[in-house]
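The structure appears below as structure tokens.
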Amino acid sequence: MKRMITILGPTASGKTAIATHLAERIGGEIISADSRQVYRRMDIGTGKDLSDYVNPETGRHIPYHLIDIAEPGTKYNLFRYQEDFMKAYNDIQQRGATPILCGGTGLYIESVLKGYNLSPVPQNPELRERLKGKSLEELTAMLTELKKMTGSAMHNKTDVDSCQRAIRAIEIEQYNMEHPTPLREAPAIDSLIIGVDVDREVRRERITRRLHARLEEGMVDEIRGLLSEGIKPEDLIYYGLEYKFITKYVIGELTYDEMVRGLEIAIHQFAKRQMTWFRGMERRGFKINWIKDEQALYNILS
């Protein structure tokens, strides 16, 4: 059984390119740890960059998993991710390849490395009705208090950048408090963890450049197309970041300039929150080997 390698990092750190080059070199397959790339037809906004999975010299496709496995408008969740991860992980191991977990959703990564014992949490209509109309700040404060009561590390601000997501997070915490889970039974996964951490100013410049490139590539049209399929605006807003701001622009709640300015700020804040989560993982006992570039990775592996 080959030991898994995990490559994590904030948005725009270049982790996907590093993971695919590594997979080509060692005969690996990539398991995505991105909470939004699971959705089909949400390509530009989630930054799938599927061309990164093709070696430009040989034309060889690097196998990837847990991308394009759910329909837009649905609510993919952590419980499903754990199930899907284990299926992909076992399949890769059985074929003798090396699993490479790659992504920036810290909660997904930590859940499979530590082996969280989860159960599907049903919707609570009464709770949702009580919370309807509350502001994001009020909901975030409620979630913070619930976490203090439960001692939970299951959510952070990465997960509550819209009222709908905050309500779902409260719903999960409330359910877990009322229905305590038994000792975890999911297996922890042994993994070498590599963190990609580029300089803050370099990351900021990359985020800005990439945002404008994606707008030019048709990110607004992508979201218009999803809305034309009948997907509700609030369901796209639920996904946060690009889908939140551009949907609000398309339905007339923001001007184009307000959308671009607000989205750029939000992505910078998101990257900062991702790094906060990864630093928290280190405090919770994970050893992350931080690198600046691909060569540093090979030095660790050699």
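Labeling convention for the structure tokens: chains A, B, ... as they appear, residues from 1 per chain, ligands from 1 in order of appearance.
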With the cut-off set at 10 Å and counting only C-alpha atoms, tabulate each residue of region 167-265 of chain A with an atom at most that distance from an atom of region 108-112 of chain A, showing the nearest atom pair and its distance in Å to one decimal, ordered by chain and increasing number, as a tab-separated table.
residue	atom	partner	partner_atom	distance
A:Ala186	CA	A:Val112	CA	8.2
A:Pro187	CA	A:Val112	CA	8.0
A:Ala188	CA	A:Val112	CA	6.6
A:Ile189	CA	A:Val112	CA	6.6
A:Asp190	CA	A:Val112	CA	9.8
Generate a file of the selected residues that holds C-alpha atoms, formatted as an mmCIF file, in the first residue's frame.
data_model
loop_
_atom_site.group_PDB
_atom_site.id
_atom_site.type_symbol
_atom_site.label_atom_id
_atom_site.label_comp_id
_atom_site.auth_asym_id
_atom_site.auth_seq_id
_atom_site.Cartn_x
_atom_site.Cartn_y
_atom_site.Cartn_z
ATOM 1 C CA ALA A 186 -13.546 6.129 9.655
ATOM 2 C CA PRO A 187 -9.870 5.264 9.210
ATOM 3 C CA ALA A 188 -7.289 8.013 9.533
ATOM 4 C CA ILE A 189 -5.091 8.222 6.428
ATOM 5 C CA ASP A 190 -1.325 8.314 6.753
#
DSSP on the backbone: what in region 23-271 of chain A comes out alpha helix (DSSP H), as a ChimeraX atom specification?
/A:23-26,78-94,106-114,125-131,136-150,163-178,200-217,219-228,233-238,241-250,256-271
Identify, on the basis of only C-alpha atoms, every residue whose closest approach to Leu236 (chain A) does not exceed 12 Å; exclude the query and any residue fewer than 3 positions from it along the same chain; express the result as a PyMOL selection string.
chain A and resi 36+39+42+45+71-75+162+164-165+222-227+229-233+239-248+250-251
Would you mind telling me which residue in A:Ala166, A:Ala17, A:Ala271, A:Ile265 lies nearest to Ser135 (chain A) when using only C-alpha atoms?
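Once distances to Ser135 (chain A) are computed over only C-alpha atoms, the minimum belongs to A:Ala166.
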Judged by only C-alpha atoms, the minimum distance to Lys114 (chain A) among A:Glu57, A:Pro99, A:Gln82, A:Asp221 is found for A:Gln82
Which residues are near Arg206 (chain A)? Cut-off 12 Å, only C-alpha atoms, ignore same chain within fewer than 6 positions. Put them as a VMD selection string.
chain A and resid 10 to 14 198 to 200 212 to 214 264 267 to 268 271
I'd like the contact shell of Ile194 (chain A) - 9 Å cut-off, only C-alpha atoms, skipping same-chain residues fewer than 4 positions apart - returned as a compact mmCIF listing (two decimals) with N, CA, C and O atoms, in the first residue's frame.
# COMPACT_ATOMS: atom_id res chain seq x y z
N ILE A 5 0.27 11.24 -0.62
CA ILE A 5 0.89 12.56 -0.52
C ILE A 5 -0.22 13.59 -0.61
O ILE A 5 -1.09 13.51 -1.47
N THR A 6 -0.22 14.54 0.30
CA THR A 6 -1.21 15.61 0.30
C THR A 6 -0.52 16.93 -0.06
O THR A 6 0.51 17.27 0.54
N ILE A 7 -1.07 17.62 -1.03
CA ILE A 7 -0.54 18.94 -1.40
C ILE A 7 -1.65 19.96 -1.19
O ILE A 7 -2.69 19.91 -1.85
N LEU A 8 -1.43 20.84 -0.24
CA LEU A 8 -2.44 21.84 0.09
C LEU A 8 -1.85 23.24 -0.02
O LEU A 8 -0.64 23.42 -0.08
N GLY A 9 -2.74 24.22 -0.06
CA GLY A 9 -2.28 25.61 -0.14
C GLY A 9 -3.45 26.51 -0.44
O GLY A 9 -4.52 26.05 -0.85
N LYS A 287 1.75 17.63 10.75
CA LYS A 287 3.05 18.17 10.30
C LYS A 287 2.93 18.54 8.83
O LYS A 287 2.72 17.68 7.98
N ILE A 288 3.04 19.82 8.53
CA ILE A 288 2.98 20.30 7.14
C ILE A 288 4.37 20.77 6.73
O ILE A 288 4.97 21.62 7.39
N ASN A 289 4.88 20.19 5.67
CA ASN A 289 6.19 20.58 5.13
C ASN A 289 5.95 21.70 4.11
O ASN A 289 5.48 21.46 3.00
N TRP A 290 6.28 22.92 4.48
CA TRP A 290 6.00 24.07 3.63
C TRP A 290 7.09 24.26 2.58
O TRP A 290 8.28 24.15 2.87
N ILE A 291 6.64 24.53 1.35
CA ILE A 291 7.57 24.76 0.24
C ILE A 291 7.17 26.02 -0.50
O ILE A 291 6.03 26.49 -0.40
N LEU A 297 9.83 20.66 -3.30
CA LEU A 297 9.09 19.42 -3.10
C LEU A 297 9.97 18.21 -3.38
O LEU A 297 10.01 17.25 -2.59
With distances taken over only C-alpha atoms, which residue among A:Met177, A:Ile207, A:Leu66, A:Cys163 lies nearest Met149 (chain A)?
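Among A:Met177, A:Ile207, A:Leu66, A:Cys163, it is A:Met177 that comes nearest to Met149 (chain A).
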I need the residues in region 131-294 of chain A that are strand (DSSP E) according to DSSP; give them as a count of residues only.
10
Interatomic distance (Å, one decimal) between CA of Glu29 (chain A) and CA of Ile100 (chain A):
5.9 Å
Shortest interatomic distance to Gly103 (chain A) - which of A:Val54, A:Met259, A:Leu215, A:Ile18, counting only C-alpha atoms:
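For Gly103 (chain A), the nearest of the candidates is A:Ile18.
The spacing separating CA of Asp43 (chain A) from CA of Asp84 (chain A) amounts to 20.0 Å.
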I'd like the contact shell of Thr98 (chain A) - 12 Å cut-off, only C-alpha atoms, skipping same-chain residues fewer than 2 positions apart - returned as a ChimeraX atom specification.
/A:1-6,19,22-31,62-64,88-96,100-101,191-192
Among listed residues A:Ala141, A:Cys102, A:Ala33, A:Ile44, nearest Val220 (chain A) (using only C-alpha atoms):
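Counting only C-alpha atoms, the residue closest to Val220 (chain A) is A:Ile44.
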